[in-house]
Amino acid sequence: VKLRIHSGSAFDPKDKEGVMALLADILFPNEQVREFFADDLGGSLEVVSNHDYIQITATGANDQILTILETIATAVTNPAINKENTAKVKNARLAMIKEREKNANFVADQAARTRLFGNFPYGRAQSGTEASLAKIDFADLLFAQERFLSADNATLAVAGNFKNDVIFRAVRRY
């Protein structure tokens with residue numbers, strides 16, 4: 001199952017770079033869900049965010065398709081956006097940014113993007129910066145959720161060996 005939300009960090013508010021990356025992180029904020037996909041469903045879960053989109057890719061056994069769809073639907077329609085989870089994903093994102101800033105290639109790439117694009121969204125840091133993440137609170141994530149996590153802003157692709165009518169009913173239901 002692939003669910004692509006057609007809004008990425010290009011839609012981050014000015015001076016609050018990293019909102020969409022944090023929104024992607026908060027959809028599945030803990031490692032237990034990934035372990036559930038690996039151990040119980042025989043698959044994997046991956047969430048990728050970039051300038052253009054947030055994409056959730058989930059795999060598992062064909063007979064677990066309804067569980068996969070339900071898990072993704074719950075995460076997207078009712079994400080656990082609260083002060084505690086926001087602080088948790090912000091701290092994880094800050095640690096990742098600090099680690100990346102030690103890499104000369106990353107710093108050079110970001111400097112080149114800033115030089116080429118300036119304040120245009122593609123010139124800003126996709127994951128945010130320490131300063132921009134400090135300005136983001138859970139209300140910003142709630143606003144992004146209301147604005148971007150909607151059916152008319154997403155594409156769902158389901159592939160596997162199962163009956164189409166079951167999948168169509170499940171997708172409409174979830």
# chains A, B, ... in the order shown; residues from 1 in each chain; ligands from 1

call {"tool": "residues_around", "arguments": {"residues": "region 8-23 of chain A", "least_positions_apart": "6", "cutoff": "9 Å", "atoms": "only C-alpha atoms", "output": "PyMOL selection string"}}
result
chain A and resi 48-54+79+81+86+89-90+93+119-122+124-129+131-136+140-142+144-145

call {"tool": "write_last_selection", "arguments": {"atoms": "C-alpha atoms", "output": "mmCIF file, in the first residue's frame"}}
result
data_model
loop_
_atom_site.group_PDB
_atom_site.id
_atom_site.type_symbol
_atom_site.label_atom_id
_atom_site.label_comp_id
_atom_site.auth_asym_id
_atom_site.auth_seq_id
_atom_site.Cartn_x
_atom_site.Cartn_y
_atom_site.Cartn_z
ATOM 1 C CA VAL A 48 9.260 9.500 3.528
ATOM 2 C CA SER A 49 8.881 13.251 3.318
ATOM 3 C CA ASN A 50 10.522 15.665 0.941
ATOM 4 C CA HIS A 51 9.788 19.051 -0.617
ATOM 5 C CA ASP A 52 6.907 17.722 -2.695
ATOM 6 C CA TYR A 53 5.119 15.024 -0.714
ATOM 7 C CA ILE A 54 4.783 12.748 2.286
ATOM 8 C CA PRO A 79 -2.807 11.435 14.197
ATOM 9 C CA ILE A 81 -0.791 15.337 17.720
ATOM 10 C CA THR A 86 5.265 16.969 19.331
ATOM 11 C CA VAL A 89 9.382 14.099 17.368
ATOM 12 C CA LYS A 90 10.966 17.574 17.588
ATOM 13 C CA ARG A 93 14.358 15.677 14.414
ATOM 14 C CA ASN A 119 13.636 32.190 0.002
ATOM 15 C CA PHE A 120 11.746 30.056 -2.505
ATOM 16 C CA PRO A 121 10.570 26.869 -0.709
ATOM 17 C CA TYR A 122 13.121 24.655 -2.491
ATOM 18 C CA ARG A 124 14.842 26.216 2.524
ATOM 19 C CA ALA A 125 15.871 23.268 4.671
ATOM 20 C CA GLN A 126 13.417 20.408 4.141
ATOM 21 C CA SER A 127 13.875 19.038 7.658
ATOM 22 C CA GLY A 128 14.045 22.463 9.238
ATOM 23 C CA THR A 129 16.788 24.058 11.265
ATOM 24 C CA ALA A 131 15.958 27.838 14.977
ATOM 25 C CA SER A 132 12.891 27.006 12.872
ATOM 26 C CA LEU A 133 12.018 23.876 14.869
ATOM 27 C CA ALA A 134 12.137 25.901 18.088
ATOM 28 C CA LYS A 135 9.294 28.063 16.711
ATOM 29 C CA ILE A 136 7.015 25.108 15.892
ATOM 30 C CA ASP A 140 1.233 24.312 13.858
ATOM 31 C CA LEU A 141 1.016 20.557 13.332
ATOM 32 C CA LEU A 142 -2.746 20.604 13.937
ATOM 33 C CA ALA A 144 -1.011 21.399 8.830
ATOM 34 C CA GLN A 145 -3.072 18.275 9.517
#

call {"tool": "select_by_dssp", "arguments": {"residues": "region 85-121 of chain A", "states": "helix (DSSP H, G or I)", "output": "ChimeraX atom specification"}}
result
/A:85-100,104-117,121

call {"tool": "residues_around", "arguments": {"residues": "region 65-74 of chain A", "least_positions_apart": "2", "cutoff": "8 Å", "atoms": "only C-alpha atoms", "output": "PyMOL selection string"}}
result
chain A and resi 1+58-63+76-79+167+170-171+174

call {"tool": "residues_around", "arguments": {"residues": "Lys88 (chain A)", "least_positions_apart": "4", "cutoff": "12 Å", "atoms": "only C-alpha atoms", "output": "number ranges by chain"}}
result
A: 22, 25-26, 28-30, 80-84, 92-95, 137-138

call {"tool": "write_last_selection", "arguments": {"atoms": "C-alpha atoms", "output": "compact mmCIF listing (two decimals), in the first residue's frame"}}
result
# COMPACT_ATOMS: atom_id res chain seq x y z
CA LEU A 22 7.38 16.76 11.78
CA ASP A 25 7.20 11.89 11.83
CA ILE A 26 4.17 12.20 14.09
CA PHE A 28 3.84 6.94 13.39
CA PRO A 29 5.73 8.46 16.34
CA ASN A 30 6.99 5.25 17.93
CA ALA A 80 -1.59 11.62 17.78
CA ILE A 81 -0.79 15.34 17.72
CA ASN A 82 -0.37 16.54 21.28
CA LYS A 83 2.28 18.39 23.26
CA GLU A 84 4.10 15.23 24.37
CA ALA A 92 14.33 13.31 17.41
CA ARG A 93 14.36 15.68 14.41
CA LEU A 94 16.78 18.06 16.20
CA ALA A 95 19.15 15.17 16.91
CA ASP A 137 4.45 23.93 18.43
CA PHE A 138 1.68 21.36 18.29

call {"tool": "closest_residue", "arguments": {"among": "A:Gly118, A:Lys98, A:Phe36, A:Gln55", "to": "Asn153 (chain A)", "atoms": "only C-alpha atoms"}}
result
A:Gln55

call {"tool": "closest_residue", "arguments": {"among": "A:Phe148, A:Phe106, A:Phe117, A:Phe162", "to": "Gln64 (chain A)", "atoms": "only C-alpha atoms"}}
result
A:Phe162

call {"tool": "atom_distance", "arguments": {"atom1": "CA of Leu27 (chain A)", "atom2": "CA of Leu3 (chain A)"}}
result
12.3 Å

call {"tool": "closest_residue", "arguments": {"among": "A:Asn164, A:Val158, A:Arg113, A:Val107", "to": "Arg4 (chain A)", "atoms": "only C-alpha atoms"}}
result
A:Val158

call {"tool": "atom_distance", "arguments": {"atom1": "CA of Arg100 (chain A)", "atom2": "CA of Arg115 (chain A)"}}
result
19.1 Å

call {"tool": "atom_distance", "arguments": {"atom1": "CA of Arg172 (chain A)", "atom2": "CA of Asp152 (chain A)"}}
result
13.5 Å

call {"tool": "select_by_dssp", "arguments": {"residues": "chain A", "states": "strand (DSSP E or B)", "output": "compact mmCIF listing (two decimals) with N, CA and C atoms, in the first residue's frame"}}
result
# COMPACT_ATOMS: atom_id res chain seq x y z
N LYS A 2 0.61 2.16 -0.89
CA LYS A 2 1.31 3.44 -0.88
C LYS A 2 0.28 4.55 -0.79
N LEU A 3 0.48 5.43 0.16
CA LEU A 3 -0.36 6.61 0.30
C LEU A 3 0.55 7.82 0.16
N ARG A 4 0.27 8.63 -0.84
CA ARG A 4 1.07 9.83 -1.06
C ARG A 4 0.20 11.05 -0.79
N ILE A 5 0.67 11.88 0.12
CA ILE A 5 0.03 13.15 0.43
C ILE A 5 0.79 14.20 -0.36
N SER A 44 6.74 -4.31 6.13
CA SER A 44 7.50 -3.16 6.60
C SER A 44 6.66 -1.89 6.49
N LEU A 45 7.12 -0.86 7.14
CA LEU A 45 6.48 0.45 7.09
C LEU A 45 7.55 1.50 6.92
N GLU A 46 7.35 2.38 5.95
CA GLU A 46 8.31 3.45 5.69
C GLU A 46 7.54 4.74 5.44
N VAL A 47 7.98 5.81 6.07
CA VAL A 47 7.39 7.13 5.85
C VAL A 47 8.50 8.04 5.34
N VAL A 48 8.27 8.63 4.16
CA VAL A 48 9.26 9.50 3.53
C VAL A 48 8.62 10.86 3.31
N SER A 49 9.36 11.90 3.63
CA SER A 49 8.88 13.25 3.32
C SER A 49 9.99 14.00 2.59
N ILE A 54 4.56 13.70 1.20
CA ILE A 54 4.78 12.75 2.29
C ILE A 54 4.24 11.43 1.75
N GLN A 55 5.04 10.38 1.83
CA GLN A 55 4.60 9.09 1.30
C GLN A 55 4.76 8.01 2.36
N ILE A 56 3.68 7.26 2.54
CA ILE A 56 3.68 6.12 3.46
C ILE A 56 3.66 4.87 2.59
N THR A 57 4.64 4.00 2.78
CA THR A 57 4.71 2.74 2.07
C THR A 57 4.64 1.62 3.10
N ALA A 58 3.61 0.78 2.97
CA ALA A 58 3.41 -0.32 3.91
C ALA A 58 3.29 -1.62 3.12
N THR A 59 3.99 -2.64 3.60
CA THR A 59 3.90 -3.95 2.98
C THR A 59 3.54 -4.97 4.05
N ALA A 154 -4.51 13.50 -1.67
CA ALA A 154 -3.76 12.26 -1.51
C ALA A 154 -4.09 11.28 -2.63
N THR A 155 -3.17 10.36 -2.85
CA THR A 155 -3.36 9.27 -3.80
C THR A 155 -3.02 7.98 -3.09
N LEU A 156 -3.88 6.99 -3.25
CA LEU A 156 -3.68 5.68 -2.63
C LEU A 156 -3.49 4.64 -3.71
N ALA A 157 -2.46 3.82 -3.59
CA ALA A 157 -2.22 2.71 -4.51
C ALA A 157 -2.11 1.43 -3.68
